[in-house]
$ cat model11.cif   # mmCIF, C-alpha atoms
data_start
#
loop_
_atom_site.label_atom_id
_atom_site.label_comp_id
_atom_site.auth_asym_id
_atom_site.auth_seq_id
_atom_site.Cartn_x
_atom_site.Cartn_y
_atom_site.Cartn_z
CA MET A 1 138.21 124.91 79.95
CA ALA A 2 135.31 122.73 78.85
CA LYS A 3 132.75 122.10 81.57
CA GLU A 4 132.45 118.34 81.30
CA SER A 5 132.58 115.52 83.80
CA PHE A 6 135.61 113.24 83.93
CA ARG A 7 137.26 110.67 86.18
CA PHE A 8 140.80 109.69 87.05
CA ILE A 9 142.75 107.27 89.20
CA HIS A 10 145.33 108.32 91.78
CA ALA A 11 147.80 105.57 92.80
CA SER A 12 151.31 105.38 94.18
CA ASP A 13 153.88 103.46 96.22
CA PHE A 14 153.63 100.08 94.48
CA HIS A 15 157.16 99.25 95.70
CA LEU A 16 157.27 96.10 93.62
CA GLU A 17 160.82 95.46 94.83
CA GLN A 18 159.69 94.97 98.43
CA PRO A 19 158.40 91.57 99.62
CA LEU A 20 155.93 91.15 102.46
CA GLN A 21 157.57 91.22 105.89
CA ASP A 22 156.85 90.29 109.53
CA ILE A 23 156.21 86.64 108.70
CA LEU A 24 158.21 84.58 111.18
CA ASP A 25 157.02 81.20 109.93
CA LEU A 26 156.14 81.31 106.24
CA PRO A 27 153.00 79.20 105.67
CA GLU A 28 153.45 76.84 102.72
CA HIS A 29 149.90 77.23 101.43
CA LEU A 30 150.20 81.04 101.35
CA LYS A 31 153.67 81.30 99.77
CA LYS A 32 152.44 81.95 96.25
CA THR A 33 149.83 84.49 97.35
CA LEU A 34 152.34 86.32 99.55
CA ALA A 35 154.89 86.46 96.72
CA GLU A 36 152.38 87.67 94.14
CA ALA A 37 150.40 90.07 96.31
CA PRO A 38 152.30 93.32 95.50
CA TRP A 39 152.24 92.55 91.77
CA LYS A 40 148.59 91.51 91.66
CA ALA A 41 147.54 94.59 93.62
CA ALA A 42 149.46 96.90 91.26
CA GLU A 43 148.01 95.10 88.25
CA ALA A 44 144.50 95.64 89.65
CA VAL A 45 145.06 99.41 89.59
CA PHE A 46 145.60 99.36 85.81
CA GLU A 47 142.75 96.87 85.28
CA HIS A 48 140.38 99.23 87.08
CA ALA A 49 141.59 102.10 84.89
CA VAL A 50 140.31 100.16 81.88
CA LEU A 51 137.13 98.85 83.52
CA GLU A 52 136.19 102.25 84.92
CA ASN A 53 137.01 103.92 81.59
CA VAL A 54 138.99 106.68 83.31
CA ASP A 55 140.24 109.70 81.41
CA PHE A 56 143.76 109.45 82.85
CA VAL A 57 145.88 107.92 85.61
CA ILE A 58 147.93 109.88 88.15
CA LEU A 59 150.94 108.09 89.64
CA SER A 60 152.69 109.86 92.50
CA GLY A 61 155.89 107.89 92.85
CA ASP A 62 157.78 104.90 94.24
CA LEU A 63 156.32 102.36 91.83
CA LEU A 64 159.47 100.25 91.84
CA ASN A 65 163.22 100.44 92.20
CA PRO A 66 164.50 99.31 88.77
CA GLY A 67 167.81 98.07 90.17
CA ALA A 68 166.26 96.03 92.97
CA CYS A 69 163.26 94.83 90.98
CA GLY A 70 165.19 93.85 87.86
CA ALA A 71 163.96 93.23 84.35
CA ALA A 72 160.76 91.55 85.53
CA GLY A 73 159.58 94.71 87.28
CA ILE A 74 160.38 96.97 84.35
CA ALA A 75 158.70 94.57 81.91
CA PHE A 76 155.61 94.45 84.14
CA LEU A 77 155.35 98.23 84.25
CA LEU A 78 155.85 98.59 80.49
CA ASP A 79 153.15 96.02 79.86
CA GLN A 80 150.65 97.86 82.08
CA PHE A 81 151.43 101.17 80.41
CA GLU A 82 150.99 99.57 77.01
CA GLN A 83 147.55 98.24 77.96
CA LEU A 84 146.50 101.79 78.82
CA HIS A 85 148.09 103.11 75.64
CA LYS A 86 145.92 100.81 73.52
CA ARG A 87 142.88 102.44 75.11
CA SER A 88 144.23 105.98 74.84
CA ILE A 89 144.49 106.48 78.60
CA PRO A 90 147.32 108.89 79.49
CA VAL A 91 149.55 108.38 82.53
CA TYR A 92 150.94 111.37 84.43
CA TRP A 93 153.79 110.19 86.64
CA ALA A 94 155.65 112.10 89.34
CA CYS A 95 158.57 109.85 90.28
CA GLY A 96 159.60 109.37 93.88
CA GLN A 97 162.99 108.36 95.23
CA ALA A 98 162.75 104.64 94.50
CA ASP A 99 161.62 105.07 90.89
CA ASP A 100 163.86 108.01 89.99
CA ALA A 101 163.75 108.15 86.19
CA SER A 102 167.55 108.18 86.00
CA ARG A 103 167.61 104.66 87.52
CA PHE A 104 165.92 103.12 84.51
CA PRO A 105 168.22 101.67 81.82
CA GLU A 106 168.69 103.93 78.80
CA ALA A 107 167.26 101.20 76.57
CA VAL A 108 163.88 101.44 78.33
CA SER A 109 161.40 103.43 76.30
CA PHE A 110 157.99 104.19 77.76
CA PRO A 111 154.89 104.36 75.53
CA ASP A 112 153.78 107.77 74.25
CA ASN A 113 150.88 107.91 76.70
CA VAL A 114 153.28 108.13 79.68
CA ARG A 115 154.38 111.60 80.77
CA ILE A 116 157.05 111.72 83.49
CA PHE A 117 157.31 115.04 85.30
CA SER A 118 160.65 116.78 85.60
CA GLU A 119 162.60 116.57 88.85
CA THR A 120 164.05 120.06 88.46
CA GLU A 121 160.84 122.10 88.20
CA THR A 122 157.09 121.80 88.13
CA GLU A 123 155.47 121.21 84.77
CA THR A 124 151.93 122.07 83.70
CA ILE A 125 149.91 119.86 81.39
CA ILE A 126 146.41 120.51 80.07
CA HIS A 127 144.56 117.24 79.76
CA ARG A 128 142.20 117.44 76.79
CA ARG A 129 139.22 115.59 75.43
CA HIS A 130 138.62 116.21 71.73
CA ASP A 131 140.89 119.29 71.94
CA ALA A 132 138.85 120.75 74.81
CA GLY A 133 140.71 121.15 78.09
CA LEU A 134 139.33 119.14 80.99
CA ALA A 135 141.90 119.60 83.75
CA THR A 136 145.17 121.34 84.49
CA ILE A 137 147.75 118.94 85.94
CA ILE A 138 150.78 120.41 87.68
CA GLY A 139 153.48 117.98 88.77
CA ARG A 140 157.07 117.47 89.72
CA SER A 141 159.12 114.36 90.35
CA SER A 142 161.16 114.12 93.53
CA ASN A 143 164.69 115.45 93.40
CA GLY A 144 165.66 113.73 96.65
CA ASN A 145 164.27 116.49 98.84
CA GLU A 146 161.78 115.00 101.30
CA LEU A 147 159.67 118.15 101.60
CA ILE A 148 157.06 119.25 99.06
CA HIS A 149 157.43 122.96 98.32
CA ALA A 150 153.90 124.22 97.86
CA ALA A 151 154.97 127.53 96.33
CA GLU A 152 156.32 125.71 93.28
CA TYR A 153 152.73 124.79 92.42
CA ALA A 154 151.48 128.38 92.29
CA ASN A 155 149.36 128.95 89.19
CA GLU A 156 146.96 131.48 87.71
CA THR A 157 144.44 129.06 86.26
CA GLN A 158 141.18 131.00 86.08
CA ASP A 159 138.87 128.24 85.03
CA GLY A 160 138.86 124.46 85.17
CA PHE A 161 139.91 121.75 87.59
CA VAL A 162 143.51 121.81 88.90
CA ILE A 163 145.37 118.68 90.05
CA ALA A 164 148.75 118.97 91.80
CA VAL A 165 150.97 115.87 91.81
CA ALA A 166 153.86 115.51 94.26
CA HIS A 167 155.91 113.00 96.24
CA GLY A 168 157.21 113.65 99.74
CA ILE A 169 156.28 115.14 103.09
CA ALA A 170 153.50 117.71 102.92
CA ASP A 171 152.60 120.76 105.00
CA THR A 172 148.81 120.73 104.88
CA GLU A 173 148.33 124.47 105.43
CA ALA A 174 150.89 125.39 102.79
CA LEU A 175 149.34 123.08 100.21
CA ALA A 176 145.80 124.23 101.00
CA ALA A 177 146.83 127.84 100.40
CA GLU A 178 147.71 127.13 96.76
CA HIS A 179 145.18 127.10 93.93
CA ALA A 180 144.47 123.39 93.39
CA ASP A 181 141.33 121.28 93.62
CA TYR A 182 143.03 117.95 94.29
CA TRP A 183 146.52 117.20 95.63
CA ALA A 184 147.64 113.72 94.55
CA LEU A 185 150.44 112.85 96.95
CA GLY A 186 152.81 109.89 97.20
CA GLY A 187 155.39 108.77 99.70
CA LYS A 188 153.26 107.13 102.39
CA HIS A 189 152.32 103.46 102.39
CA GLN A 190 149.25 104.16 104.52
CA ALA A 191 146.44 106.16 102.95
CA ASP A 192 146.10 109.53 104.63
CA ILE A 193 143.55 112.30 104.13
CA LEU A 194 145.20 115.59 105.07
CA HIS A 195 142.32 117.80 103.98
CA HIS A 196 138.73 116.69 103.31
CA ASP A 197 137.23 119.86 101.91
CA GLU A 198 138.39 121.83 98.91
CA PRO A 199 141.15 121.33 98.18
CA ALA A 200 141.23 117.57 98.71
CA ILE A 201 144.73 116.61 99.85
CA ARG A 202 145.40 112.87 99.89
CA TYR A 203 148.05 110.22 100.13
CA CYS A 204 146.45 107.22 98.44
CA GLY A 205 148.87 104.75 100.07
CA SER A 206 150.28 101.52 98.66
CA PRO A 207 147.95 99.04 96.93
CA GLN A 208 149.44 96.28 99.12
CA ALA A 209 150.67 96.49 102.72
CA ARG A 210 154.12 95.09 103.49
CA SER A 211 154.28 94.82 107.29
CA LEU A 212 152.44 95.04 110.59
CA ALA A 213 153.20 98.76 110.56
CA GLU A 214 150.73 99.05 107.64
CA PRO A 215 147.45 97.61 108.98
CA GLY A 216 144.05 97.69 107.35
CA GLU A 217 142.88 97.88 103.76
CA HIS A 218 145.06 99.18 100.92
CA GLY A 219 144.28 100.26 97.40
CA PHE A 220 144.00 103.38 95.27
CA VAL A 221 141.71 106.37 94.79
CA LEU A 222 139.13 106.86 92.04
CA VAL A 223 137.96 110.47 91.60
CA ASP A 224 134.80 111.50 89.75
CA VAL A 225 134.53 115.20 88.84
CA ASP A 226 131.26 116.63 87.50
CA ALA A 227 130.77 119.63 85.22
CA GLN A 228 130.54 121.95 88.25
CA ARG A 229 133.92 120.68 89.56
CA ASN A 230 132.33 118.76 92.42
CA MET A 231 134.24 115.65 93.42
CA GLN A 232 133.22 112.21 94.53
CA ILE A 233 136.27 110.39 95.89
CA HIS A 234 136.21 106.60 96.21
CA THR A 235 138.80 104.43 97.91
CA ILE A 236 139.10 101.14 96.02
CA PRO A 237 140.77 98.28 97.96
CA VAL A 238 142.81 95.89 95.80
CA ASP A 239 145.08 94.25 98.37
CA LEU A 240 145.33 90.47 98.58
CA ILE A 241 146.79 90.24 102.09
CA ARG A 242 146.07 92.36 105.14
CA TYR A 243 148.02 92.87 108.33
CA SER A 244 146.64 93.33 111.81
CA THR A 245 147.92 93.54 115.38
CA GLN A 246 145.33 92.44 117.91
CA GLU A 247 145.54 93.05 121.66
CA ILE A 248 143.76 90.98 124.28
CA ASP A 249 143.27 92.95 127.47
CA ALA A 250 144.37 91.51 130.82
CA ASP A 251 140.98 92.37 132.35
CA ASP A 252 139.26 89.92 130.02
CA VAL A 253 141.62 87.14 131.05
CA ALA A 254 141.40 88.10 134.73
CA LEU A 255 137.60 87.80 134.59
CA GLY A 256 138.04 84.16 133.75
CA ARG A 257 137.11 84.46 130.09
CA ASP A 258 138.52 81.66 128.01
CA LEU A 259 141.48 82.91 125.99
CA ARG A 260 140.72 80.65 123.03
CA GLN A 261 137.16 81.91 122.93
CA LEU A 262 138.37 85.51 122.97
CA LEU A 263 140.78 84.80 120.14
CA SER A 264 138.07 83.03 118.12
CA LYS A 265 135.78 86.06 118.35
CA ARG A 266 138.57 88.36 117.18
CA VAL A 267 139.31 86.05 114.25
CA ALA A 268 135.65 86.13 113.20
CA ARG A 269 135.71 89.93 113.23
CA LEU A 270 138.94 90.04 111.20
CA GLN A 271 137.45 87.67 108.61
CA SER A 272 134.36 89.85 108.29
CA GLU A 273 136.40 93.03 107.84
CA ALA A 274 138.79 91.44 105.33
CA SER A 275 135.99 90.55 102.85
CA GLY A 276 137.51 87.27 101.71
CA ARG A 277 141.16 88.29 101.92
CA SER A 278 143.76 86.50 104.00
CA VAL A 279 144.97 88.28 107.14
CA LEU A 280 148.36 88.09 108.82
CA VAL A 281 147.85 88.83 112.50
CA LYS A 282 150.14 89.27 115.46
CA TRP A 283 148.59 88.73 118.87
CA ARG A 284 149.57 90.78 121.91
CA VAL A 285 148.11 89.34 125.11
CA HIS A 286 148.32 91.43 128.27
CA MET A 287 148.62 88.83 130.99
CA ASP A 288 146.89 88.72 134.32
CA LEU A 289 150.02 88.36 136.47
CA GLU A 290 148.15 87.02 139.48
CA ASN A 291 146.90 84.07 137.45
CA ALA A 292 149.73 83.88 134.95
CA SER A 293 151.13 80.53 136.00
CA ILE A 294 149.03 78.98 133.23
CA VAL A 295 151.05 80.90 130.65
CA GLY A 296 154.49 79.83 129.50
CA PRO A 297 156.50 79.27 126.32
CA SER A 298 155.16 75.74 125.73
CA ALA A 299 151.58 76.90 126.29
CA LEU A 300 152.10 79.70 123.80
CA GLU A 301 153.45 77.34 121.19
CA ASP A 302 150.38 75.15 121.67
CA LEU A 303 148.11 78.18 121.40
CA LEU A 304 149.84 79.38 118.23
CA ALA A 305 149.58 75.92 116.67
CA TRP A 306 145.86 75.82 117.52
CA LEU A 307 145.24 79.24 115.95
CA ARG A 308 147.02 78.24 112.76
CA ARG A 309 145.26 74.89 112.57
CA GLU A 310 141.78 76.28 113.20
CA PHE A 311 141.89 79.56 111.26
CA GLY A 312 145.01 79.63 109.08
CA HIS A 313 143.72 77.71 106.05
CA GLY A 314 141.03 77.98 103.42
CA THR A 315 139.29 81.10 102.18
CA SER A 316 139.40 84.15 104.45
CA SER A 317 142.28 82.54 106.34
CA VAL A 318 143.71 84.32 109.37
CA TRP A 319 147.34 83.27 109.78
CA SER A 320 148.78 84.01 113.22
CA THR A 321 152.39 85.10 112.75
CA ASP A 322 153.25 85.48 116.41
CA ILE A 323 151.98 85.71 119.98
CA GLU A 324 153.55 88.16 122.38
CA ILE A 325 152.73 88.07 126.06
CA LEU A 326 152.89 91.50 127.66
CA PRO A 327 152.56 92.68 131.22
CA PRO A 328 149.25 94.33 132.13
CA LYS A 329 149.01 98.09 131.94
CA SER A 330 149.25 98.18 135.74
CA LEU A 331 150.58 95.69 138.28
CA PRO A 332 148.35 94.41 141.12
CA GLU A 333 147.99 97.18 143.70
CA LYS A 334 148.42 94.78 146.61
CA TRP A 335 151.96 94.02 145.41
CA ASN A 336 152.85 97.69 145.83
CA GLU A 337 151.50 97.63 149.38
CA GLU A 338 153.48 94.57 150.49
CA ASP A 339 156.06 95.08 153.23
CA THR A 340 158.54 93.07 151.20
CA ILE A 341 161.50 93.64 148.90
CA LEU A 342 159.05 93.33 146.00
CA GLY A 343 156.87 96.08 147.48
CA ASP A 344 159.89 98.33 148.02
CA PHE A 345 161.05 97.65 144.48
CA LEU A 346 157.68 98.52 142.92
CA ARG A 347 157.29 101.68 144.99
CA THR A 348 160.74 102.81 143.87
CA SER A 349 159.88 102.05 140.26
CA SER A 350 156.68 104.09 140.57
CA GLU A 351 158.61 107.07 141.88
CA TYR A 352 160.99 107.01 138.94
CA ARG A 353 158.11 106.57 136.50
CA LYS A 354 156.72 109.92 137.69
CA ASP A 355 159.91 111.63 136.55
CA VAL A 356 161.90 109.69 134.00
CA SER A 357 164.16 112.74 133.62
CA LYS A 358 165.94 111.66 136.80
CA HIS A 359 168.18 109.75 134.37
CA VAL A 360 168.50 106.45 136.15
CA GLN A 361 171.86 104.92 135.29
CA LEU A 362 171.32 101.21 134.76
CA LYS A 363 174.70 100.05 133.52
CA SER A 364 176.23 99.95 136.95
CA LEU A 365 173.12 98.30 138.40
CA VAL A 366 172.77 95.34 136.07
CA ASP A 367 175.04 92.53 137.23
CA THR A 368 176.37 90.34 134.42
CA GLU A 369 175.42 87.29 136.48
CA THR A 370 171.77 88.28 136.65
CA PRO A 371 169.80 85.25 135.39
CA GLY A 372 168.05 86.91 132.49
CA ALA A 373 168.11 86.67 128.73
CA ASN A 374 170.86 88.55 126.90
CA ILE A 375 168.29 90.78 125.26
CA TRP A 376 167.35 92.20 128.67
CA HIS A 377 170.97 93.12 129.41
CA SER A 378 171.29 94.70 125.99
CA MET A 379 168.15 96.80 126.41
CA LEU A 380 168.97 97.87 129.95
CA THR A 381 172.59 98.85 129.44
CA ASN A 382 173.04 100.05 125.87
CA SER A 383 171.70 103.54 126.54
CA GLY A 384 173.13 105.91 129.09
CA THR A 385 169.74 106.84 130.53
CA ILE A 386 166.48 105.05 130.99
CA SER A 387 163.31 105.59 128.97
CA THR A 388 159.76 104.85 130.08
CA GLN A 389 159.76 101.71 127.92
CA SER A 390 163.04 100.51 129.43
CA LEU A 391 161.77 101.25 132.93
CA ASP A 392 158.69 99.14 132.26
CA LYS A 393 160.81 96.25 131.00
CA SER A 394 163.27 96.49 133.88
CA THR A 395 160.35 96.52 136.33
CA LEU A 396 158.98 93.38 134.74
CA LEU A 397 162.38 91.71 135.02
CA GLY A 398 162.58 92.65 138.71
CA VAL A 399 159.09 91.32 139.39
CA ASP A 400 160.01 88.02 137.77
CA LEU A 401 163.21 87.66 139.81
CA LEU A 402 161.64 88.73 143.12
CA ARG A 403 158.66 86.41 142.68
CA GLY A 404 160.95 83.43 142.15
CA HIS A 405 160.27 82.90 138.44
CA LYS A 406 156.67 81.91 139.05
CA VAL A 407 156.11 83.14 135.55
CA ASP A 408 159.00 82.88 133.11
CA LEU A 409 158.84 86.47 131.93
CA VAL A 410 162.38 86.41 130.56
CA ALA A 411 162.20 83.14 128.67
CA PRO A 412 164.59 83.27 125.69
CA THR A 413 161.92 82.96 123.01
CA ARG A 414 160.80 85.50 120.49
CA ARG A 415 157.19 85.00 121.58
CA PHE A 416 157.51 85.72 125.27
CA GLY A 417 158.26 88.55 127.63
CA GLY A 418 157.88 91.48 125.24
CA SER A 419 161.22 90.85 123.58
CA GLU A 420 160.90 93.48 120.84
CA LYS A 421 163.52 96.18 121.00
#
$ encode --input "model11.cif" --output "structure tokens"
Amino acid sequence: MAKESFRFIHASDFHLEQPLQDILDLPEHLKKTLAEAPWKAAEAVFEHAVLENVDFVILSGDLLNPGACGAAGIAFLLDQFEQLHKRSIPVYWACGQADDASRFPEAVSFPDNVRIFSETETETIIHRRHDAGLATIIGRSSNGNELIHAAEYANETQDGFVIAVAHGIADTEALAAEHADYWALGGKHQADILHHDEPAIRYCGSPQARSLAEPGEHGFVLVDVDAQRNMQIHTIPVDLIRYSTQEIDADDVALGRDLRQLLSKRVARLQSEASGRSVLVKWRVHMDLENASIVGPSALEDLLAWLRREFGHGTSSVWSTDIEILPPKSLPEKWNEEDTILGDFLRTSSEYRKDVSKHVQLKSLVDTETPGANIWHSMLTNSGTISTQSLDKSTLLGVDLLRGHKVDLVAPTRRFGGSEK
């Protein structure tokens, strides 16, 4: 192997067939950006390949589902590959489950610079520059098995840089035991570094997040390798939209701090971190139950409208998708000490919380006439036994009923009372 420096891009999980989710009220001024975000982010990966003059591009699966994405997705991918072909930049592609090569129409012909790894066995490719080998690339496309079998990547390469390309769930120790300098993994939408030192084992994540379950920046990985096989690994963000879930602690509200001021400060921080990108944020406010009479569905709607009006437009917009009011992490201690039905109820709840394995049977306890939203009945009776989460929700329901609905904790609105299943 020639001892020369080189660079490559590692990208995966474009999922062009998947739109952005967790947007309850689609903002008109962001519609175009939201629709184009996955495509623009994927396009940026290939643009950087040209701008950074990389030697090759590694793709580790789930670029798109041809059936769900249609002709537009296939045409987009072909066009990006062709742009790289014109500049003699090879693409080494280990397909995942969504972009299984067999799903592409027979009429689709990829440019000569695209090499798709077999799904039946690992294949070894020597990437060359002027006939001199720069790196050994060992890859395999997914065959539907979720696990990556490290032993299939065993090799006897004596000299040179080794890159292993795979899609699926990885066992870090097993992968680290094999002879490879860099593991280019796909199958996770969130970037994940499994091993920092040699070998580097990384999921690069999707270039664009799709939901609140995928917070933070998204992009791809650019790897520089010098003549001594030392790596410099750079994460390059290319996302257009970011997701965030922000929690406001009950203690802040209980101390009399203005909720709008607290939210404004969080928005400023989100704008700074997003570096000019728009952010979709869900707010989770832990209420101060002793002073919670100021909070109700109408107040929340007003608060949401204010957030959208003040921060949801212009550059670096922060669009609030939802507000969820949650109970504090602990109820007021004096309630537990009351010589009342409420006190008895909370003390009983605390006892069961110490040992959820007592398998409280709720179905027989929840009366169909109980004045609560249907979602509460569904959550409390669908399972045979109670979980910690269900116990918390049932406790909240009991508090609301026993305190005479001073706070409408079971209001039938998606933004109140912790209504997520």
$ resolve_selection --input "model11.cif" --expression "the PyMOL selection byres ((chain A and resi 24) around 10)" --output "list in words"
Gln21, Asp22, Ile23, Asp25, Leu26, Pro27, Ser320, Thr321, Asp322 and Arg414 of chain A
$ closest_residue --input "model11.cif" --among "A:Pro38, A:Gly216, A:Gly312, A:Pro237" --to "A:Glu273" --atoms "all atoms listed in the file"
A:Gly216
$ residues_near_point --input "model11.cif" --point "(163.1, 114.4, 89.0)" --cutoff "7 Å" --atoms "all atoms listed in the file" --output "PyMOL selection string"
chain A and resi 95+100-101+117-120+140-143
$ write_last_selection --input "model11.cif" --atoms "C-alpha atoms" --output "compact mmCIF listing (two decimals), in the coordinates of the input"
# COMPACT_ATOMS: atom_id res chain seq x y z
CA CYS A 95 158.57 109.85 90.28
CA ASP A 100 163.86 108.01 89.99
CA ALA A 101 163.75 108.15 86.19
CA PHE A 117 157.31 115.04 85.30
CA SER A 118 160.65 116.78 85.60
CA GLU A 119 162.60 116.57 88.85
CA THR A 120 164.05 120.06 88.46
CA ARG A 140 157.07 117.47 89.72
CA SER A 141 159.12 114.36 90.35
CA SER A 142 161.16 114.12 93.53
CA ASN A 143 164.69 115.45 93.40
$ closest_residue --input "model11.cif" --among "A:Asp258, A:Asp112, A:Glu351, A:Asp55" --to "A:Glu4" --atoms "all atoms listed in the file"
A:Asp55
$ closest_residue --input "model11.cif" --among "A:His130, A:Leu59, A:Leu270, A:Asp181" --to "A:Ala166" --atoms "only C-alpha atoms"
A:Leu59
$ atom_distance --input "model11.cif" --atom1 "atom CA of A:Asp344" --atom2 "atom CA of A:Thr395"
11.8 Å
$ atom_distance --input "model11.cif" --atom1 "atom CA of A:Pro111" --atom2 "atom CA of A:Leu84"
9.4 Å
$ atom_distance --input "model11.cif" --atom1 "atom CA of A:Thr388" --atom2 "atom CA of A:His286"
17.7 Å
$ resolve_selection --input "model11.cif" --expression "the PyMOL selection byres ((chain A and resi 266) around 12)" --output "list in words"
Ser244, Thr245, Gln246, Glu247, Ile248, Leu259, Arg260, Gln261, Leu262, Leu263, Ser264, Lys265, Val267, Ala268, Arg269, Leu270, Gln271, Ser272, Glu273, Val279, Val281, Lys282, Trp283, Leu307, Phe311, Val318 and Ser320 of chain A
$ closest_residue --input "model11.cif" --among "A:Leu240, A:Leu303, A:Met287, A:Ala135" --to "A:Lys32" --atoms "all atoms listed in the file"
A:Leu240
$ resolve_selection --input "model11.cif" --expression "the PyMOL selection byres ((chain A and resi 208) around 12)" --output "number ranges by chain"
A: 11-16, 18-21, 33-45, 63, 188-191, 204-207, 209-212, 214-220, 236-243, 277
$ write_last_selection --input "model11.cif" --atoms "C-alpha atoms" --output "PDB file, keeping the file's coordinate frame"
ATOM      1  CA  ALA A  11     147.800 105.570  92.800  1.00  0.00           C
ATOM      2  CA  SER A  12     151.310 105.380  94.180  1.00  0.00           C
ATOM      3  CA  ASP A  13     153.880 103.460  96.220  1.00  0.00           C
ATOM      4  CA  PHE A  14     153.630 100.080  94.480  1.00  0.00           C
ATOM      5  CA  HIS A  15     157.160  99.250  95.700  1.00  0.00           C
ATOM      6  CA  LEU A  16     157.270  96.100  93.620  1.00  0.00           C
ATOM      7  CA  GLN A  18     159.690  94.970  98.430  1.00  0.00           C
ATOM      8  CA  PRO A  19     158.400  91.570  99.620  1.00  0.00           C
ATOM      9  CA  LEU A  20     155.930  91.150 102.460  1.00  0.00           C
ATOM     10  CA  GLN A  21     157.570  91.220 105.890  1.00  0.00           C
ATOM     11  CA  THR A  33     149.830  84.490  97.350  1.00  0.00           C
ATOM     12  CA  LEU A  34     152.340  86.320  99.550  1.00  0.00           C
ATOM     13  CA  ALA A  35     154.890  86.460  96.720  1.00  0.00           C
ATOM     14  CA  GLU A  36     152.380  87.670  94.140  1.00  0.00           C
ATOM     15  CA  ALA A  37     150.400  90.070  96.310  1.00  0.00           C
ATOM     16  CA  PRO A  38     152.300  93.320  95.500  1.00  0.00           C
ATOM     17  CA  TRP A  39     152.240  92.550  91.770  1.00  0.00           C
ATOM     18  CA  LYS A  40     148.590  91.510  91.660  1.00  0.00           C
ATOM     19  CA  ALA A  41     147.540  94.590  93.620  1.00  0.00           C
ATOM     20  CA  ALA A  42     149.460  96.900  91.260  1.00  0.00           C
ATOM     21  CA  GLU A  43     148.010  95.100  88.250  1.00  0.00           C
ATOM     22  CA  ALA A  44     144.500  95.640  89.650  1.00  0.00           C
ATOM     23  CA  VAL A  45     145.060  99.410  89.590  1.00  0.00           C
ATOM     24  CA  LEU A  63     156.320 102.360  91.830  1.00  0.00           C
ATOM     25  CA  LYS A 188     153.260 107.130 102.390  1.00  0.00           C
ATOM     26  CA  HIS A 189     152.320 103.460 102.390  1.00  0.00           C
ATOM     27  CA  GLN A 190     149.250 104.160 104.520  1.00  0.00           C
ATOM     28  CA  ALA A 191     146.440 106.160 102.950  1.00  0.00           C
ATOM     29  CA  CYS A 204     146.450 107.220  98.440  1.00  0.00           C
ATOM     30  CA  GLY A 205     148.870 104.750 100.070  1.00  0.00           C
ATOM     31  CA  SER A 206     150.280 101.520  98.660  1.00  0.00           C
ATOM     32  CA  PRO A 207     147.950  99.040  96.930  1.00  0.00           C
ATOM     33  CA  ALA A 209     150.670  96.490 102.720  1.00  0.00           C
ATOM     34  CA  ARG A 210     154.120  95.090 103.490  1.00  0.00           C
ATOM     35  CA  SER A 211     154.280  94.820 107.290  1.00  0.00           C
ATOM     36  CA  LEU A 212     152.440  95.040 110.590  1.00  0.00           C
ATOM     37  CA  GLU A 214     150.730  99.050 107.640  1.00  0.00           C
ATOM     38  CA  PRO A 215     147.450  97.610 108.980  1.00  0.00           C
ATOM     39  CA  GLY A 216     144.050  97.690 107.350  1.00  0.00           C
ATOM     40  CA  GLU A 217     142.880  97.880 103.760  1.00  0.00           C
ATOM     41  CA  HIS A 218     145.060  99.180 100.920  1.00  0.00           C
ATOM     42  CA  GLY A 219     144.280 100.260  97.400  1.00  0.00           C
ATOM     43  CA  PHE A 220     144.000 103.380  95.270  1.00  0.00           C
ATOM     44  CA  ILE A 236     139.100 101.140  96.020  1.00  0.00           C
ATOM     45  CA  PRO A 237     140.770  98.280  97.960  1.00  0.00           C
ATOM     46  CA  VAL A 238     142.810  95.890  95.800  1.00  0.00           C
ATOM     47  CA  ASP A 239     145.080  94.250  98.370  1.00  0.00           C
ATOM     48  CA  LEU A 240     145.330  90.470  98.580  1.00  0.00           C
ATOM     49  CA  ILE A 241     146.790  90.240 102.090  1.00  0.00           C
ATOM     50  CA  ARG A 242     146.070  92.360 105.140  1.00  0.00           C
ATOM     51  CA  TYR A 243     148.020  92.870 108.330  1.00  0.00           C
ATOM     52  CA  ARG A 277     141.160  88.290 101.920  1.00  0.00           C
TER      53      ARG A 277
END
$ build_atoms --input "model11.cif" --residues "stretch 19-24 of chain A" --atoms "N, CA and C atoms" --output "PDB file, in the frame of the given file"
ATOM      1  N   PRO A  19     159.263  92.703  99.266  1.00  0.00           N
ATOM      2  CA  PRO A  19     158.400  91.570  99.620  1.00  0.00           C
ATOM      3  C   PRO A  19     157.633  91.863 100.901  1.00  0.00           C
ATOM      4  N   LEU A  20     156.663  91.024 101.203  1.00  0.00           N
ATOM      5  CA  LEU A  20     155.930  91.150 102.460  1.00  0.00           C
ATOM      6  C   LEU A  20     156.839  90.738 103.620  1.00  0.00           C
ATOM      7  N   GLN A  21     156.699  91.422 104.737  1.00  0.00           N
ATOM      8  CA  GLN A  21     157.570  91.220 105.890  1.00  0.00           C
ATOM      9  C   GLN A  21     156.749  90.795 107.115  1.00  0.00           C
ATOM     10  N   ASP A  22     157.465  90.663 108.244  1.00  0.00           N
ATOM     11  CA  ASP A  22     156.850  90.290 109.530  1.00  0.00           C
ATOM     12  C   ASP A  22     156.135  88.944 109.462  1.00  0.00           C
ATOM     13  N   ILE A  23     156.754  88.000 108.771  1.00  0.00           N
ATOM     14  CA  ILE A  23     156.210  86.640 108.700  1.00  0.00           C
ATOM     15  C   ILE A  23     157.281  85.703 109.260  1.00  0.00           C
ATOM     16  N   LEU A  24     157.169  85.365 110.535  1.00  0.00           N
ATOM     17  CA  LEU A  24     158.210  84.580 111.180  1.00  0.00           C
ATOM     18  C   LEU A  24     158.253  83.146 110.656  1.00  0.00           C
TER      19      LEU A  24
END
